[in-house]
file work21.cif (mmCIF, C-alpha atoms)
data_work
loop_
_atom_site.label_atom_id
_atom_site.label_comp_id
_atom_site.auth_asym_id
_atom_site.auth_seq_id
_atom_site.Cartn_x
_atom_site.Cartn_y
_atom_site.Cartn_z
CA MET A 1 0.00 0.00 0.00
CA SER A 2 1.50 3.31 -1.10
CA GLU A 3 2.12 6.13 1.38
CA GLN A 4 1.43 8.83 -1.16
CA ARG A 5 -1.63 10.99 -0.63
CA ILE A 6 -4.36 11.40 -3.26
CA LEU A 7 -7.08 14.05 -3.40
CA VAL A 8 -10.47 13.42 -5.03
CA VAL A 9 -12.56 16.52 -5.83
CA GLU A 10 -16.13 15.74 -6.90
CA ASP A 11 -19.49 17.29 -6.02
CA GLU A 12 -21.54 14.16 -6.80
CA THR A 13 -21.51 12.07 -3.61
CA ASN A 14 -21.84 8.63 -5.25
CA VAL A 15 -19.10 9.33 -7.78
CA ARG A 16 -16.83 10.82 -5.11
CA GLU A 17 -17.23 7.79 -2.85
CA LEU A 18 -16.68 5.37 -5.74
CA GLU A 19 -13.50 7.10 -6.93
CA ALA A 20 -12.14 7.19 -3.38
CA GLU A 21 -12.97 3.50 -2.88
CA ILE A 22 -11.25 2.47 -6.11
CA LEU A 23 -8.14 4.51 -5.24
CA ARG A 24 -8.05 3.21 -1.64
CA GLY A 25 -7.41 -0.22 -3.11
CA GLU A 26 -3.90 1.05 -3.95
CA TRP A 27 -3.29 4.09 -1.78
CA GLU A 28 -3.86 4.36 1.94
CA HIS A 29 -4.38 8.11 2.08
CA VAL A 30 -7.21 9.29 -0.14
CA ASP A 31 -8.91 12.54 0.87
CA THR A 32 -12.13 13.86 -0.64
CA ALA A 33 -13.38 17.38 -1.31
CA VAL A 34 -16.89 18.38 -2.43
CA ASP A 35 -15.77 21.21 -4.72
CA GLY A 36 -12.80 23.41 -5.66
CA THR A 37 -13.05 25.59 -2.57
CA ASP A 38 -13.04 22.55 -0.29
CA ALA A 39 -10.04 21.22 -2.25
CA LEU A 40 -8.07 24.46 -1.67
CA ARG A 41 -8.54 24.02 2.07
CA LEU A 42 -7.04 20.51 1.92
CA LEU A 43 -4.26 21.57 -0.48
CA ALA A 44 -3.15 24.14 2.11
CA GLU A 45 -2.79 21.32 4.67
CA HIS A 46 -1.25 18.46 2.67
CA VAL A 47 1.01 17.72 -0.25
CA TYR A 48 -0.80 15.48 -2.79
CA ALA A 49 0.85 13.13 -5.23
CA ALA A 50 -2.21 13.37 -7.48
CA ILE A 51 -5.37 15.49 -7.60
CA VAL A 52 -8.35 13.87 -9.34
CA SER A 53 -10.93 16.55 -9.98
CA ASP A 54 -14.33 16.93 -11.63
CA LEU A 55 -14.62 19.85 -14.07
CA ALA A 56 -18.17 21.14 -13.56
CA MET A 57 -18.74 21.90 -9.88
CA PRO A 58 -20.53 24.60 -7.88
CA LYS A 59 -18.60 27.40 -6.13
CA LEU A 60 -15.18 26.71 -7.68
CA ASP A 61 -15.03 24.42 -10.73
CA GLY A 62 -12.10 22.48 -12.20
CA ARG A 63 -10.87 25.43 -14.20
CA GLY A 64 -10.94 27.70 -11.12
CA LEU A 65 -9.12 25.04 -9.11
CA TYR A 66 -6.46 24.73 -11.86
CA GLU A 67 -5.88 28.50 -11.80
CA GLU A 68 -5.61 28.61 -7.99
CA VAL A 69 -3.21 25.66 -7.95
CA GLU A 70 -1.12 27.38 -10.65
CA ARG A 71 -0.96 30.53 -8.53
CA ARG A 72 -0.39 28.98 -5.10
CA TRP A 73 1.24 25.58 -5.64
CA PRO A 74 2.68 25.62 -9.16
CA ALA A 75 4.57 22.36 -8.53
CA ALA A 76 1.25 20.54 -7.99
CA GLN A 77 -0.19 21.63 -11.34
CA GLY A 78 1.28 18.66 -13.20
CA ARG A 79 -0.39 16.26 -10.77
CA LEU A 80 -3.92 17.20 -11.78
CA VAL A 81 -6.25 14.83 -13.63
CA PHE A 82 -9.74 15.92 -14.69
CA VAL A 83 -12.60 13.44 -14.68
CA THR A 84 -15.67 14.76 -16.45
CA GLY A 85 -19.04 13.88 -17.93
CA TYR A 86 -18.70 17.02 -20.03
CA ALA A 87 -15.78 15.79 -22.16
CA GLU A 88 -17.64 16.95 -25.28
CA ALA A 89 -18.48 20.43 -23.98
CA GLU A 90 -17.11 23.21 -26.19
CA GLU A 91 -16.95 25.46 -23.12
CA TYR A 92 -14.05 23.42 -21.74
CA ASP A 93 -12.40 22.61 -25.07
CA GLU A 94 -9.99 25.51 -25.24
CA PHE A 95 -9.15 25.40 -21.55
CA LEU A 96 -8.34 21.68 -21.68
CA ARG A 97 -6.18 22.11 -24.78
CA HIS A 98 -4.35 25.09 -23.30
CA SER A 99 -3.81 23.58 -19.83
CA GLY A 100 -2.72 20.17 -21.11
CA VAL A 101 -4.24 18.52 -18.02
CA PRO A 102 -5.10 14.86 -18.74
CA VAL A 103 -8.84 14.21 -18.99
CA LEU A 104 -10.69 11.02 -18.15
CA ALA A 105 -14.25 10.85 -19.52
CA LYS A 106 -17.06 9.52 -17.34
CA PRO A 107 -18.00 6.74 -17.21
CA PHE A 108 -14.54 5.18 -16.94
CA ARG A 109 -13.25 1.71 -16.15
CA MET A 110 -11.34 1.18 -12.90
CA ALA A 111 -8.09 0.51 -14.77
CA ASP A 112 -8.46 3.85 -16.62
CA LEU A 113 -8.74 5.78 -13.35
CA LEU A 114 -5.82 3.98 -11.72
CA GLY A 115 -3.69 4.43 -14.84
CA ALA A 116 -4.47 8.14 -15.09
CA VAL A 117 -3.58 8.71 -11.44
CA LYS A 118 -0.28 6.82 -11.75
CA ARG A 119 0.68 8.87 -14.81
CA ALA A 120 -0.03 12.09 -12.91
CA PHE A 121 2.45 11.20 -10.21
CA SER A 122 5.50 13.35 -9.68
CA PRO A 123 7.75 13.39 -6.61
CA ALA A 124 5.59 14.76 -3.82
CA MET B 1 -45.70 65.03 -85.33
CA SER B 2 -47.06 67.47 -82.71
CA THR B 3 -45.21 68.20 -79.49
CA LEU B 4 -48.02 66.53 -77.52
CA SER B 5 -47.79 63.41 -79.64
CA ARG B 6 -43.99 63.26 -79.16
CA VAL B 7 -44.40 63.55 -75.38
CA VAL B 8 -47.01 60.75 -75.37
CA ASP B 9 -44.74 58.53 -77.50
CA ARG B 10 -41.77 59.20 -75.23
CA THR B 11 -43.77 58.45 -72.08
CA GLU B 12 -45.12 55.22 -73.58
CA SER B 13 -41.64 54.13 -74.60
CA LEU B 14 -40.35 54.78 -71.07
CA TYR B 15 -43.17 52.73 -69.55
CA ARG B 16 -42.49 49.91 -72.01
CA GLU B 17 -38.80 50.04 -71.06
CA LEU B 18 -39.71 49.99 -67.37
CA VAL B 19 -41.79 46.83 -67.76
CA GLU B 20 -39.73 44.99 -70.35
CA SER B 21 -36.25 45.68 -69.04
CA GLY B 22 -36.98 46.10 -65.33
CA ARG B 23 -35.87 43.31 -63.02
CA GLY B 24 -39.34 42.95 -61.46
CA LEU B 25 -41.27 39.86 -62.59
CA ILE B 26 -44.27 41.18 -64.48
CA CYS B 27 -47.02 39.57 -66.56
CA ILE B 28 -50.50 40.23 -67.83
CA HIS B 29 -53.06 37.43 -68.08
CA ASP B 30 -56.75 37.27 -68.89
CA LEU B 31 -59.44 36.04 -66.53
CA ALA B 32 -58.97 32.49 -67.84
CA GLY B 33 -55.29 32.63 -66.82
CA VAL B 34 -53.89 32.82 -70.36
CA LEU B 35 -50.73 34.92 -70.52
CA LEU B 36 -51.09 37.99 -72.73
CA SER B 37 -47.70 39.46 -71.95
CA VAL B 38 -44.62 38.51 -69.89
CA ASN B 39 -41.63 40.70 -69.30
CA ARG B 40 -38.10 39.47 -70.03
CA ALA B 41 -37.07 39.18 -66.36
CA ALA B 42 -39.98 36.87 -65.51
CA ALA B 43 -39.48 34.69 -68.59
CA GLU B 44 -35.71 34.44 -68.09
CA ARG B 45 -36.16 33.52 -64.45
CA LEU B 46 -38.16 30.52 -65.64
CA GLY B 47 -35.73 29.67 -68.43
CA TYR B 48 -37.82 30.94 -71.36
CA VAL B 49 -38.09 33.94 -73.67
CA PRO B 50 -41.36 35.93 -73.41
CA GLU B 51 -42.62 34.73 -76.83
CA GLU B 52 -42.54 31.10 -75.62
CA MET B 53 -44.86 31.89 -72.71
CA VAL B 54 -47.40 34.22 -74.28
CA GLY B 55 -50.61 32.41 -75.23
CA LYS B 56 -50.08 29.67 -72.68
CA SER B 57 -51.95 29.29 -69.40
CA LEU B 58 -50.09 30.52 -66.35
CA ASP B 59 -50.75 27.20 -64.61
CA GLU B 60 -48.40 25.44 -67.06
CA PHE B 61 -45.57 27.20 -65.23
CA LEU B 62 -46.78 26.26 -61.75
CA ALA B 63 -45.40 23.31 -59.79
CA PRO B 64 -47.73 20.29 -60.20
CA SER B 65 -48.42 20.27 -56.45
CA VAL B 66 -50.09 23.72 -56.54
CA ARG B 67 -51.84 23.51 -59.94
CA PRO B 68 -55.15 22.34 -58.39
CA MET B 69 -55.28 25.70 -56.57
CA PHE B 70 -55.07 27.74 -59.77
CA GLY B 71 -58.85 27.64 -60.31
CA GLN B 72 -59.43 29.11 -56.85
CA TYR B 73 -56.99 31.93 -57.64
CA LEU B 74 -58.82 32.73 -60.92
CA ASP B 75 -62.10 32.74 -59.05
CA ARG B 76 -60.75 35.17 -56.44
CA ILE B 77 -59.21 37.59 -58.92
CA ALA B 78 -62.44 37.57 -61.00
CA HIS B 79 -64.45 38.69 -57.99
CA GLN B 80 -62.09 40.98 -56.13
CA PRO B 81 -59.78 43.75 -57.37
CA THR B 82 -56.53 42.31 -55.99
CA ASP B 83 -55.01 39.06 -54.85
CA GLU B 84 -51.67 38.33 -53.25
CA GLY B 85 -49.81 35.38 -51.82
CA LEU B 86 -47.17 32.79 -52.61
CA MET B 87 -46.90 30.68 -55.75
CA LEU B 88 -44.66 27.75 -56.48
CA VAL B 89 -43.38 27.94 -60.03
CA VAL B 90 -41.25 25.47 -61.91
CA THR B 91 -38.46 26.44 -64.29
CA ARG B 92 -37.79 24.86 -67.66
CA ALA B 93 -34.97 22.90 -65.96
CA GLY B 94 -37.48 21.52 -63.45
CA GLU B 95 -36.38 23.55 -60.43
CA GLU B 96 -39.16 24.73 -58.13
CA ARG B 97 -38.98 28.40 -57.08
CA ILE B 98 -41.09 30.31 -54.59
CA TRP B 99 -42.53 33.58 -55.84
CA THR B 100 -44.54 36.06 -53.85
CA TYR B 101 -47.13 37.80 -56.03
CA SER B 102 -49.35 40.84 -55.81
CA ASN B 103 -51.83 40.94 -58.68
CA VAL B 104 -54.38 43.58 -59.69
CA ARG B 105 -57.47 43.16 -61.90
CA THR B 106 -57.87 46.01 -64.29
CA GLN B 107 -60.04 46.98 -67.28
CA ASP B 108 -59.11 48.15 -70.74
CA GLY B 109 -61.80 49.03 -73.23
CA GLY B 110 -64.36 46.82 -71.54
CA ARG B 111 -62.02 43.86 -71.35
CA ALA B 112 -60.83 42.74 -67.89
CA TYR B 113 -57.33 41.41 -67.41
CA VAL B 114 -54.88 40.91 -64.57
CA LEU B 115 -51.60 42.70 -64.04
CA GLY B 116 -49.29 40.40 -62.13
CA HIS B 117 -46.18 41.41 -60.24
CA ALA B 118 -43.98 38.89 -58.47
CA GLN B 119 -40.70 38.55 -56.61
CA ASP B 120 -38.55 35.43 -56.30
CA ILE B 121 -38.04 34.77 -52.58
CA THR B 122 -36.66 31.23 -52.85
CA ASP B 123 -33.21 32.09 -51.48
CA LEU B 124 -34.70 34.09 -48.62
CA LYS B 125 -37.03 31.21 -47.70
CA ARG B 126 -34.16 28.72 -47.84
CA SER B 127 -31.96 30.85 -45.60
CA ASP B 128 -34.91 31.18 -43.16
CA ALA B 129 -35.22 27.39 -43.15
CA ARG B 130 -31.49 27.07 -42.48
CA ALA B 131 -31.76 29.52 -39.56
CA VAL B 132 -34.67 27.53 -38.09
CA GLU B 133 -32.67 24.30 -38.41
CA ALA B 134 -29.61 25.92 -36.80
CA GLU B 135 -31.74 27.06 -33.87
CA ALA B 136 -33.26 23.57 -33.49
CA LEU B 137 -29.77 22.08 -33.60
CA ARG B 138 -28.60 24.44 -30.85
CA SER B 139 -31.52 23.39 -28.62
CA VAL B 140 -30.91 19.69 -29.27
CA ALA B 141 -27.19 20.11 -28.53
CA GLN B 142 -27.92 21.91 -25.24
CA LEU B 143 -30.38 19.23 -24.19
CA SER B 144 -27.95 16.46 -25.16
CA LEU B 145 -25.13 18.03 -23.17
CA ALA B 146 -27.31 18.38 -20.06
CA ALA B 147 -28.54 14.79 -20.47
CA ALA B 148 -24.97 13.55 -20.98
CA HIS B 149 -23.86 15.08 -17.70
CA GLU B 150 -26.86 13.74 -15.77
CA ILE B 151 -26.51 10.24 -17.24
CA ASN B 152 -22.71 9.94 -17.10
CA ASN B 153 -22.50 10.36 -13.32
CA PRO B 154 -24.84 7.47 -12.42
CA LEU B 155 -23.29 5.38 -15.23
CA THR B 156 -19.87 5.94 -13.66
CA VAL B 157 -21.21 4.65 -10.36
CA ILE B 158 -22.88 1.62 -11.98
CA ILE B 159 -19.84 0.56 -14.03
CA GLY B 160 -17.30 1.36 -11.30
CA SER B 161 -19.22 -0.39 -8.52
CA LEU B 162 -19.74 -3.54 -10.61
CA GLN B 163 -16.04 -3.61 -11.44
CA LEU B 164 -15.20 -3.30 -7.75
CA LEU B 165 -17.40 -6.35 -7.11
CA LEU B 166 -15.53 -8.29 -9.80
CA VAL B 167 -12.10 -7.25 -8.55
CA ARG B 168 -12.86 -8.17 -4.97
CA GLY B 169 -13.86 -11.65 -6.10
CA GLN B 170 -15.93 -13.90 -3.87
CA VAL B 171 -18.64 -14.07 -6.53
CA SER B 172 -19.66 -17.18 -8.47
CA GLU B 173 -18.80 -17.63 -12.15
CA GLU B 174 -22.49 -17.19 -12.93
CA THR B 175 -22.57 -13.86 -11.09
CA VAL B 176 -19.39 -12.74 -12.89
CA GLN B 177 -21.08 -13.36 -16.25
CA CYS B 178 -24.17 -11.49 -15.12
CA ILE B 179 -22.09 -8.51 -13.90
CA GLU B 180 -20.11 -8.40 -17.14
CA ARG B 181 -23.37 -8.37 -19.11
CA VAL B 182 -24.62 -5.38 -17.11
CA ILE B 183 -21.29 -3.55 -17.62
CA ARG B 184 -21.51 -4.11 -21.40
CA ALA B 185 -25.08 -2.76 -21.42
CA ALA B 186 -24.03 0.27 -19.37
CA GLU B 187 -21.20 0.92 -21.83
CA GLN B 188 -23.76 0.81 -24.65
CA ILE B 189 -25.63 3.60 -22.86
CA ARG B 190 -22.31 5.45 -22.55
CA ASP B 191 -21.78 5.24 -26.33
CA THR B 192 -25.33 6.46 -27.02
CA VAL B 193 -24.80 9.42 -24.70
CA ARG B 194 -21.49 10.21 -26.46
CA ASN B 195 -23.26 10.23 -29.82
CA MET B 196 -25.88 12.57 -28.35
CA SER B 197 -23.13 14.99 -27.37
CA ARG B 198 -21.73 14.99 -30.89
CA ILE B 199 -24.90 15.94 -32.74
CA THR B 200 -23.87 18.23 -35.58
CA ARG B 201 -26.88 17.88 -37.87
CA LEU B 202 -30.49 16.73 -37.66
CA GLU B 203 -31.06 13.48 -39.54
CA LEU B 204 -34.39 11.78 -38.99
CA SER B 205 -35.23 8.16 -39.62
CA ARG B 206 -38.30 5.97 -39.28
CA GLN B 207 -37.98 3.29 -36.61
CA SER B 208 -41.48 1.92 -37.07
CA PRO B 209 -44.35 2.54 -39.51
CA THR B 210 -46.60 3.57 -36.63
CA LEU B 211 -44.19 6.01 -35.00
CA PRO B 212 -43.26 9.49 -36.25
CA ASP B 213 -39.74 10.01 -37.64
CA VAL B 214 -37.18 10.29 -34.85
CA LEU B 215 -33.68 11.73 -34.62
CA ASP B 216 -31.15 9.20 -35.90
CA LEU B 217 -28.33 9.56 -33.37
CA ARG B 218 -25.73 7.70 -35.42
CA LYS B 219 -26.39 9.64 -38.62
CA SER B 220 -26.71 12.97 -36.79
CA SER B 221 -23.48 12.83 -34.83
CA THR B 222 -19.87 13.33 -35.80
CA PRO B 223 -18.09 9.96 -35.85
CA GLN B 224 -15.89 9.23 -32.86
CA VAL B 225 -12.20 9.79 -33.64
#

call {"tool": "encode", "arguments": {"input": "work21.cif", "output": "structure tokens"}}
result
Amino acid sequence: MSEQRILVVEDETNVRELEAEILRGEWEHVDTAVDGTDALRLLAEHVYAAIVSDLAMPKLDGRGLYEEVERRWPAAQGRLVFVTGYAEAEEYDEFLRHSGVPVLAKPFRMADLLGAVKRAFSPA
Amino acid sequence: MSTLSRVVDRTESLYRELVESGRGLICIHDLAGVLLSVNRAAAERLGYVPEEMVGKSLDEFLAPSVRPMFGQYLDRIAHQPTDEGLMLVVTRAGEERIWTYSNVRTQDGGRAYVLGHAQDITDLKRSDARAVEAEALRSVAQLSLAAAHEINNPLTVIIGSLQLLLVRGQVSEETVQCIERVIRAAEQIRDTVRNMSRITRLELSRQSPTLPDVLDLRKSSTPQV
């Protein structure tokens, strides 16, 4: 079981719990946040090896979270992975292309989520 | 020739020029619908020269689908001074064009005839139709996107939870097969939802003779890359 810490940011309770459960099969420390604002609070407390975040969320969405991470913890920016049901949305097209953050489309298979998180890893 | 006569001749020639060379679509027909005169613009628009049309009934130049209504038009214009509306004409090449007309019944030396004036609005109508389709497409795309988001979250939970059950084991071979069947079905829903999000045109198809035409998701969406 890996010691590295993972953060899951997702406003949909069922999806958040599922993602955390899948990741807990490989990592002991998996924290969850209900939106971008909640995630910022946790990011101020811990260093995360990977941040798995939804894109469309109330209060602070994935794009807002990306911008805050870029400003406050630039080293963590490369550890972001977006998971979204809006993969086809034009509204996010340009942002996703520009940011280069990997995107996993919902619904995903377990192996896809685990693979995406492992690829996002950088020395924490 | 007197000055008055020269002025009358000049005025008549100008009027003739106005009708014959003007770009408006003008004709004169009798109360039976036989064309007495057609200006060049109207004839050319239909692919003829005026001499080919004069003496023929106007309904020969109407699209077959509207010809049965020609009698009603003649009846109206015989009993009221004006009539206006849309007419569907057909060119010599077989193309249907939409003309808007405004016709006036008039009298000359005791003989009644109709002065017809029309405009070709086919392109305008087609661009209106394109705008309506674009608006419908926008609405469908918005609805599809909202549906995709709402469906993808529960699908994620269904597929992910079933996979967790498989990974953790302790289920019989029969249960494994059942779970895999449900996952495949859920992934079919996922593909349908993806097609919905890629709708770029509205293609309808008939799924059953008793049902109205429905949106064909495969034909209407951009293929997956």

call {"tool": "closest_atom_pairs", "arguments": {"input": "work21.cif", "of": "chain B", "to": "chain A", "cutoff": "6 Å", "atoms": "all atoms listed in the file", "output": "CSV"}}
result
residue,atom,partner,partner_atom,distance
B:His149,CA,A:Gly85,CA,5.0
B:Asn152,CA,A:Gly85,CA,5.4
B:Leu155,CA,A:Pro107,CA,5.8
B:Thr156,CA,A:Pro107,CA,4.1
B:Val157,CA,A:Val15,CA,5.7

call {"tool": "write_last_selection", "arguments": {"input": "work21.cif", "atoms": "C-alpha atoms", "output": "PDB file, in the coordinates of the input"}}
result
ATOM      1  CA  HIS B 149     -23.860  15.080 -17.700  1.00  0.00           C
ATOM      2  CA  ASN B 152     -22.710   9.940 -17.100  1.00  0.00           C
ATOM      3  CA  LEU B 155     -23.290   5.380 -15.230  1.00  0.00           C
ATOM      4  CA  THR B 156     -19.870   5.940 -13.660  1.00  0.00           C
ATOM      5  CA  VAL B 157     -21.210   4.650 -10.360  1.00  0.00           C
TER       6      VAL B 157
END

call {"tool": "residues_around", "arguments": {"input": "work21.cif", "residues": "range 46-53 of chain A", "least_positions_apart": "4", "cutoff": "7 Å", "atoms": "all atoms listed in the file", "output": "number ranges by chain"}}
result
A: 4-10, 42, 62, 79-83, 117, 120-122, 124

call {"tool": "write_last_selection", "arguments": {"input": "work21.cif", "atoms": "C-alpha atoms", "output": "compact mmCIF listing (two decimals), in the frame of the given file"}}
result
# COMPACT_ATOMS: atom_id res chain seq x y z
CA GLN A 4 1.43 8.83 -1.16
CA ARG A 5 -1.63 10.99 -0.63
CA ILE A 6 -4.36 11.40 -3.26
CA LEU A 7 -7.08 14.05 -3.40
CA VAL A 8 -10.47 13.42 -5.03
CA VAL A 9 -12.56 16.52 -5.83
CA GLU A 10 -16.13 15.74 -6.90
CA LEU A 42 -7.04 20.51 1.92
CA GLY A 62 -12.10 22.48 -12.20
CA ARG A 79 -0.39 16.26 -10.77
CA LEU A 80 -3.92 17.20 -11.78
CA VAL A 81 -6.25 14.83 -13.63
CA PHE A 82 -9.74 15.92 -14.69
CA VAL A 83 -12.60 13.44 -14.68
CA VAL A 117 -3.58 8.71 -11.44
CA ALA A 120 -0.03 12.09 -12.91
CA PHE A 121 2.45 11.20 -10.21
CA SER A 122 5.50 13.35 -9.68
CA ALA A 124 5.59 14.76 -3.82

call {"tool": "resolve_selection", "arguments": {"input": "work21.cif", "expression": "the PyMOL selection byres ((chain B and resi 59-75) around 8)", "output": "list in words"}}
result
Leu31, Ala32, Gly33, Lys56, Ser57, Leu58, Arg76, Ile77, Ala78, His79, Asp83, Met87, Leu88, Val89, Val90, Thr91 and Glu96 of chain B

call {"tool": "resolve_selection", "arguments": {"input": "work21.cif", "expression": "the PyMOL selection byres ((chain A and resi 70-75) around 10)", "output": "PDB file with C-alpha atoms, in the frame of the given file"}}
result
ATOM      1  CA  LEU A  40      -8.070  24.460  -1.670  1.00  0.00           C
ATOM      2  CA  LEU A  43      -4.260  21.570  -0.480  1.00  0.00           C
ATOM      3  CA  ALA A  44      -3.150  24.140   2.110  1.00  0.00           C
ATOM      4  CA  VAL A  47       1.010  17.720  -0.250  1.00  0.00           C
ATOM      5  CA  GLY A  64     -10.940  27.700 -11.120  1.00  0.00           C
ATOM      6  CA  LEU A  65      -9.120  25.040  -9.110  1.00  0.00           C
ATOM      7  CA  TYR A  66      -6.460  24.730 -11.860  1.00  0.00           C
ATOM      8  CA  GLU A  67      -5.880  28.500 -11.800  1.00  0.00           C
ATOM      9  CA  GLU A  68      -5.610  28.610  -7.990  1.00  0.00           C
ATOM     10  CA  VAL A  69      -3.210  25.660  -7.950  1.00  0.00           C
ATOM     11  CA  ALA A  76       1.250  20.540  -7.990  1.00  0.00           C
ATOM     12  CA  GLN A  77      -0.190  21.630 -11.340  1.00  0.00           C
ATOM     13  CA  GLY A  78       1.280  18.660 -13.200  1.00  0.00           C
ATOM     14  CA  ARG A  79      -0.390  16.260 -10.770  1.00  0.00           C
ATOM     15  CA  SER A 122       5.500  13.350  -9.680  1.00  0.00           C
ATOM     16  CA  PRO A 123       7.750  13.390  -6.610  1.00  0.00           C
ATOM     17  CA  ALA A 124       5.590  14.760  -3.820  1.00  0.00           C
TER      18      ALA A 124
END

call {"tool": "resolve_selection", "arguments": {"input": "work21.cif", "expression": "the PyMOL selection byres ((chain B and resi 50) around 12)", "output": "list in words"}}
result
Glu20, Ser21, Leu25, Ile26, Cys27, Ile28, Leu35, Leu36, Ser37, Val38, Asn39, Arg40, Ala41, Ala42, Ala43, Glu44, Arg45, Leu46, Gly47, Tyr48, Val49, Glu51, Glu52, Met53, Val54, Gly55 and Lys56 of chain B

call {"tool": "atom_distance", "arguments": {"input": "work21.cif", "atom1": "CA of Ala93 in chain B", "atom2": "CA of Asp123 in chain B"}}
result
17.2 Å

call {"tool": "closest_residue", "arguments": {"input": "work21.cif", "among": "B:Arg97, B:Glu17, B:Leu211, B:Arg198", "to": "Leu143 in chain B", "atoms": "all atoms listed in the file"}}
result
B:Arg198

call {"tool": "residues_around", "arguments": {"input": "work21.cif", "residues": "Ser220 in chain B", "least_positions_apart": "6", "cutoff": "7 Å", "atoms": "only C-alpha atoms", "output": "ChimeraX atom specification"}}
result
/B:199-203

call {"tool": "atom_distance", "arguments": {"input": "work21.cif", "atom1": "CA of Leu217 in chain B", "atom2": "CA of Arg194 in chain B"}}
result
9.7 Å

call {"tool": "atom_distance", "arguments": {"input": "work21.cif", "atom1": "CA of Leu164 in chain B", "atom2": "CA of Val176 in chain B"}}
result
11.5 Å

call {"tool": "closest_residue", "arguments": {"input": "work21.cif", "among": "A:Glu28, A:Thr37, A:Leu23, A:Met57", "to": "Ala116 in chain A", "atoms": "all atoms listed in the file"}}
result
A:Leu23

call {"tool": "closest_residue", "arguments": {"input": "work21.cif", "among": "B:Gln107, B:Thr122, B:Gln163, B:Ser102", "to": "Arg181 in chain B", "atoms": "only C-alpha atoms"}}
result
B:Gln163

call {"tool": "closest_residue", "arguments": {"input": "work21.cif", "among": "A:Glu26, A:Leu114, A:Leu55, A:Arg119", "to": "Leu96 in chain A", "atoms": "all atoms listed in the file"}}
result
A:Leu55

call {"tool": "closest_residue", "arguments": {"input": "work21.cif", "among": "A:Arg63, A:Asp38, A:Ala20, A:Asp11", "to": "Val101 in chain A", "atoms": "only C-alpha atoms"}}
result
A:Arg63
